[in-house]
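S.K.: Can you keep this structure in mind? I'll have questions shortly.
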Amino acid sequence: MKKFLLPCFLLAVIFLHAQTATVSLSKEFVLKDRGLSNSTGSTYRFGDFFYSTEYVYKGMQFAYTAKLKNVTYGINLYKYTADMHEVEKLELGNGEKQYGPFAPKTVIFGNKILLFYYKAQEDGSIKLLFTAIDPETLTETNTKELYSMTEKNGGLFKMEGEVAANKLFLQASPDKTNLMVSQSGNTNQMFTCVINSNLEVISPSVLLLKNLNAFHLQDYFIDNAGNKYFSYTYTLDKVNKRGVLVQNSKGKEAYLDFNTGQSQWEANMLSFYMSNDNSKLYVYANYYGDYMDEGVLLSTIDAEKLSFGTVQLFPYTDEIREKMNKLGFGSKNKGSITVNRVYYICNELEDGTLTFTGCPYFVRTLNYSHGSITKSYDGPIINIFIKGGKCSFGILYRKQESSHASGLIVMPYKNSLVCIYCDSKKNIDFGDAEKVKSEDNPAKLVLVQAVLNSDGTVTDRQEIGGDATGSNYYFLDSYERTSKKSFVFPIGRERVNLMRYYTELVQWATLEIN
């Protein structure tokens with residue numbers, strides 16, 4: 001049985017102290033992908049201890065007799081001290097593989113470990129339950145049934161899609177007093193409720209979702225007043241449309257289709273960000289026309305009035321379009337250049353400036369006589385700063401084959417933005433797209449810190465961690481935020497045996513931004 005462990009203590013800092021960031025490493029270890037033992041789960045830190053939730057699936061089913069209700073697993077919870085010794089172990093249901101078919105989720109809320117899981121019934125229904133676990137003793141203190149759904153069995157060849165389509169959203173309010181639970185995906189219903197700090201289930205609701213073509217929920221949020229928000233997409237006349245489903249604290253519900261205000265532009269996936277003072281909920285997205293993206297849009301949403309605020313559009317500059325196109329992350333059509341898709345992370349500086357950070361990507365297929373190879377590439381890091389209706393851009397130019405090292409850690413630092421990313425060492429001093437060199441080997445990437453002012457100026461960019469040992473590299477796409485200014489992420493590599501590719505982790509890095 002494999003156990004997925006975060007580092008439980010860190011050695012002295014081994015990298016040079018950067019202007020705002022330091023990096024330290026754990027002891028070395030070897031951890032293979034848990035998929036090799038047909039088990040999976042998650043590991044997290046709470047207080048001075050570490051906890052690992054592990055669930056192990058039952059054996060395979062025969063194709064012609066396969067049933068969704070027979071996709072079952074057992075759940076184990078482990079507790080470790082700071083020196084990585086196992087302290088406690090909890091086997092839910094006495095270790096029987098009776099849970100499923102959908103994967104469970106774990107969250108820390110109200111000083112408890114809340115474990116959400118499913119249990120299929122003989123009548124074909126599937127129940128969603130949660131249990132509260134005391135982190136000190138690993139004893140169950142509260143188990144409640146939240147919702148029961150009916151799921152049609154699609155047989156072995158459809159089960160993978162049915163399991164993947166299930167959506168269990170868990171989102172704490174900004175003040176951490178309420179936890180929103182939302183269940184949807186495989187039926188035409190959406191269940192929502194709120195769990196308060198006393199672990200009481202309040203405001204349960206079952207909503208019949210609109211019967212729209214290719215309707216999907218995408219992002220979600222709950223504010224301090226208990227208003228719930230879900231962004232959605234659907235298709236109308238072969239065009240993707242966006243909107244937000246609002247369930248406000250007064251019991252009203254509304255589907256609010258989003259309009260950019262200009263007929264030639266459509267919004268991409270709508271995302272949410274609450275202002276630092278909790279006075280307004282921002283809605284943001286990329287926007288596009290006939291081809292790729294033209295820029296970003298920004299609006300607000302009012303749960304009481306069930307309406308959007310004014311929509312502001314911030315287009316990419318001609319210079320950015322030209323440089324993205326030269327690096328392969330743009331598209332030129334009819335004399336106009338659009339930028340490849342970017343998924344942005346939103347933050348807010350102390351002075352109220354909103355920041356958006358992300359990088360474009362593209363996929364390329366290379367054809368050979370013996371077959372084809374598909375490669376994807378991640379590009380420059382685009383930083384957008386918006387305040388008072390004005391917009392500035394700050395670009396960190398890079399180009400690399402997509403890997404676990406392509407992730408980003410972004411954090412506001414007073415009135416600056418700190419961005420931690422991986423890049424080729426030879427690119428650190430280059431601030432211009434024409435000089436950037438592509439790197440296809442993630443093991444040759446170093447860890448970089450960049451600091452940007454709210455006008456987009458890059459005030460600092462330097463290496464804070466050399467390339468990892470051997471063929472290992474930084475898994476920045478798997479970071480965990482452990483405190484307001486601390487992050488943990490693994491170091492490892494992708495390996496292959498006679499049957500499959502797998503991940504092997506060898507160390508953990510802790511990042512402190514001071």
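Every chain in the structure tokens has a letter given in the order shown (A, B, ...), and although residue numbers restart at 1 in each chain, ligands are simply numbered from 1 in the order shown.
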As a list in words, please: the residues near Lys176 (chain A) (cut-off 10 Å, only C-alpha atoms, same-chain neighbours under 6 positions excluded).

M.R.: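 Listing them by chain and then by number gives Phe109, Gly110, Asn196, Ser197, Asp223 and Asn224 of chain A.
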
S.K.: Got a sec to tell me which of region 111-172 of chain A DSSP assigns to alpha helix (DSSP H), as a list of chain:residue names?

M.R.: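 Across region 111-172 of chain A, those assigned alpha helix (DSSP H) are A:Leu156, A:Phe157, A:Lys158, A:Met159, A:Glu160, A:Gly161, A:Glu162, A:Val163, A:Ala164, A:Ala165.
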
S.K.: Next, the residues of the selection above should be written as a JSON list (two decimals), in the first residue's frame with C-alpha atoms.

M.R.:
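Now in again_39.json:
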[["chain", "number", "residue", "atom", "x", "y", "z"],
["A", 156, "LEU", "CA", -18.35, -0.64, -19.10],
["A", 157, "PHE", "CA", -17.59, 1.45, -22.17],
["A", 158, "LYS", "CA", -19.57, 4.46, -20.89],
["A", 159, "MET", "CA", -18.70, 4.24, -17.20],
["A", 160, "GLU", "CA", -15.42, 6.11, -17.55],
["A", 161, "GLY", "CA", -17.23, 9.06, -19.10],
["A", 162, "GLU", "CA", -19.98, 8.94, -16.50],
["A", 163, "VAL", "CA", -17.48, 8.98, -13.64],
["A", 164, "ALA", "CA", -15.52, 11.83, -15.26],
["A", 165, "ALA", "CA", -18.70, 13.87, -15.86]]

S.K.: What lies within 12 Å of Ala450 (chain A) using only C-alpha atoms, ignoring chain neighbours under 2 positions off, as a ChimeraX atom specification?

M.R.: /A:18-21,381,383,394-397,408-413,416-423,428-429,431,447-448,452-453,456-464,513

S.K.: Deliver the residues from the most recent selection as a file, using C-alpha atoms, as a compact mmCIF listing (two decimals), in the first residue's frame.

M.R.:
# COMPACT_ATOMS: atom_id res chain seq x y z
CA ALA A 18 16.07 36.25 -3.53
CA GLN A 19 14.66 39.71 -3.08
CA THR A 20 11.32 38.37 -1.85
CA ALA A 21 11.46 34.56 -2.04
CA ILE A 381 3.39 34.80 -19.08
CA ASN A 383 0.26 39.90 -16.73
CA GLY A 394 3.71 43.14 -18.30
CA ILE A 395 5.06 40.17 -20.30
CA LEU A 396 7.56 37.54 -19.14
CA TYR A 397 8.72 35.98 -22.40
CA LEU A 408 2.70 29.32 -12.19
CA ILE A 409 2.65 30.55 -8.60
CA VAL A 410 1.35 34.13 -8.42
CA MET A 411 0.98 36.26 -5.29
CA PRO A 412 0.30 39.96 -4.66
CA TYR A 413 3.07 41.58 -2.64
CA SER A 416 3.63 44.53 -6.74
CA LEU A 417 2.98 41.10 -8.19
CA VAL A 418 5.35 38.18 -7.58
CA CYS A 419 5.40 35.44 -10.20
CA ILE A 420 7.27 32.16 -9.68
CA TYR A 421 7.78 30.07 -12.82
CA CYS A 422 10.24 27.85 -14.67
CA ASP A 423 12.30 28.92 -17.66
CA ILE A 428 16.19 35.02 -17.73
CA ASP A 429 18.01 38.12 -18.92
CA GLY A 431 13.07 40.81 -22.01
CA LEU A 447 13.13 28.22 -10.96
CA VAL A 448 12.64 31.95 -11.57
CA LEU A 452 6.20 43.43 -11.57
CA ASN A 453 4.89 46.87 -10.69
CA GLY A 456 3.54 46.29 -15.91
CA THR A 457 7.21 47.11 -15.42
CA VAL A 458 9.38 44.11 -14.54
CA THR A 459 11.49 45.36 -11.63
CA ASP A 460 13.22 42.10 -10.80
CA ARG A 461 13.80 38.77 -12.50
CA GLN A 462 16.29 36.23 -11.20
CA GLU A 463 16.98 32.56 -10.67
CA ILE A 464 16.01 31.30 -7.20
CA ILE A 513 7.56 34.84 -0.09

S.K.: As an mmCIF file with C-alpha atoms, in the first residue's frame, please: the residues near Pro490 (chain A) (cut-off 9 Å, only C-alpha atoms, same-chain neighbours under 3 positions excluded).

M.R.:
data_model
loop_
_atom_site.group_PDB
_atom_site.id
_atom_site.type_symbol
_atom_site.label_atom_id
_atom_site.label_comp_id
_atom_site.auth_asym_id
_atom_site.auth_seq_id
_atom_site.Cartn_x
_atom_site.Cartn_y
_atom_site.Cartn_z
ATOM 1 C CA LEU A 6 4.341 15.694 1.883
ATOM 2 C CA TYR A 473 12.265 18.947 -12.535
ATOM 3 C CA TYR A 474 9.849 21.208 -10.661
ATOM 4 C CA PHE A 475 6.160 20.220 -10.670
ATOM 5 C CA LEU A 476 4.829 23.759 -10.388
ATOM 6 C CA SER A 478 0.939 20.682 -8.416
ATOM 7 C CA TYR A 479 1.664 23.314 -5.806
ATOM 8 C CA LEU A 505 8.490 12.167 -7.131
ATOM 9 C CA VAL A 506 11.816 12.482 -5.308
ATOM 10 C CA GLN A 507 11.647 15.641 -3.192
ATOM 11 C CA TRP A 508 9.475 18.515 -2.030
ATOM 12 C CA ALA A 509 10.262 22.226 -2.222
ATOM 13 C CA THR A 510 8.830 24.883 0.053
#

S.K.: Pick out the residues sitting within 7 Å of Thr300 (chain A), and hand them over as a list in words; count only C-alpha atoms, and ignore anything fewer than 5 positions along from it in its own chain.

M.R.: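 The residues satisfying every condition are Lys280, Leu281, Tyr282, Val283, Phe308 and Gly309 of chain A.
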
S.K.: Would you kindly return, as a ChimeraX atom specification, each protein, DNA or RNA residue with an atom no farther than 6 Å from any atom of Thr353 (chain A), considering only C-alpha atoms and excluding same-chain residues fewer than 5 positions away?

M.R.: /A:348,386-387

S.K.: Taking N, CA and C atoms for each residue, export the selection above as a PDB file, in the first residue's frame.

M.R.:
ATOM      1  N   GLU A 348      -5.614  40.828  -6.482  1.00  0.00           N
ATOM      2  CA  GLU A 348      -5.794  42.259  -6.258  1.00  0.00           C
ATOM      3  C   GLU A 348      -4.647  42.778  -5.404  1.00  0.00           C
ATOM      4  N   ILE A 386      -5.272  46.216 -14.134  1.00  0.00           N
ATOM      5  CA  ILE A 386      -6.431  47.064 -14.425  1.00  0.00           C
ATOM      6  C   ILE A 386      -6.820  47.857 -13.192  1.00  0.00           C
ATOM      7  N   LYS A 387      -6.943  49.175 -13.372  1.00  0.00           N
ATOM      8  CA  LYS A 387      -7.404  50.047 -12.299  1.00  0.00           C
ATOM      9  C   LYS A 387      -8.009  51.302 -12.921  1.00  0.00           C
TER      10      LYS A 387
END

S.K.: For Lys241 (chain A), which of A:Asn268, A:Gly47, A:Ser406, A:Tyr255 is the closest residue, counting only C-alpha atoms?

M.R.: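 Closest to Lys241 (chain A) of all the choices is A:Asn268.
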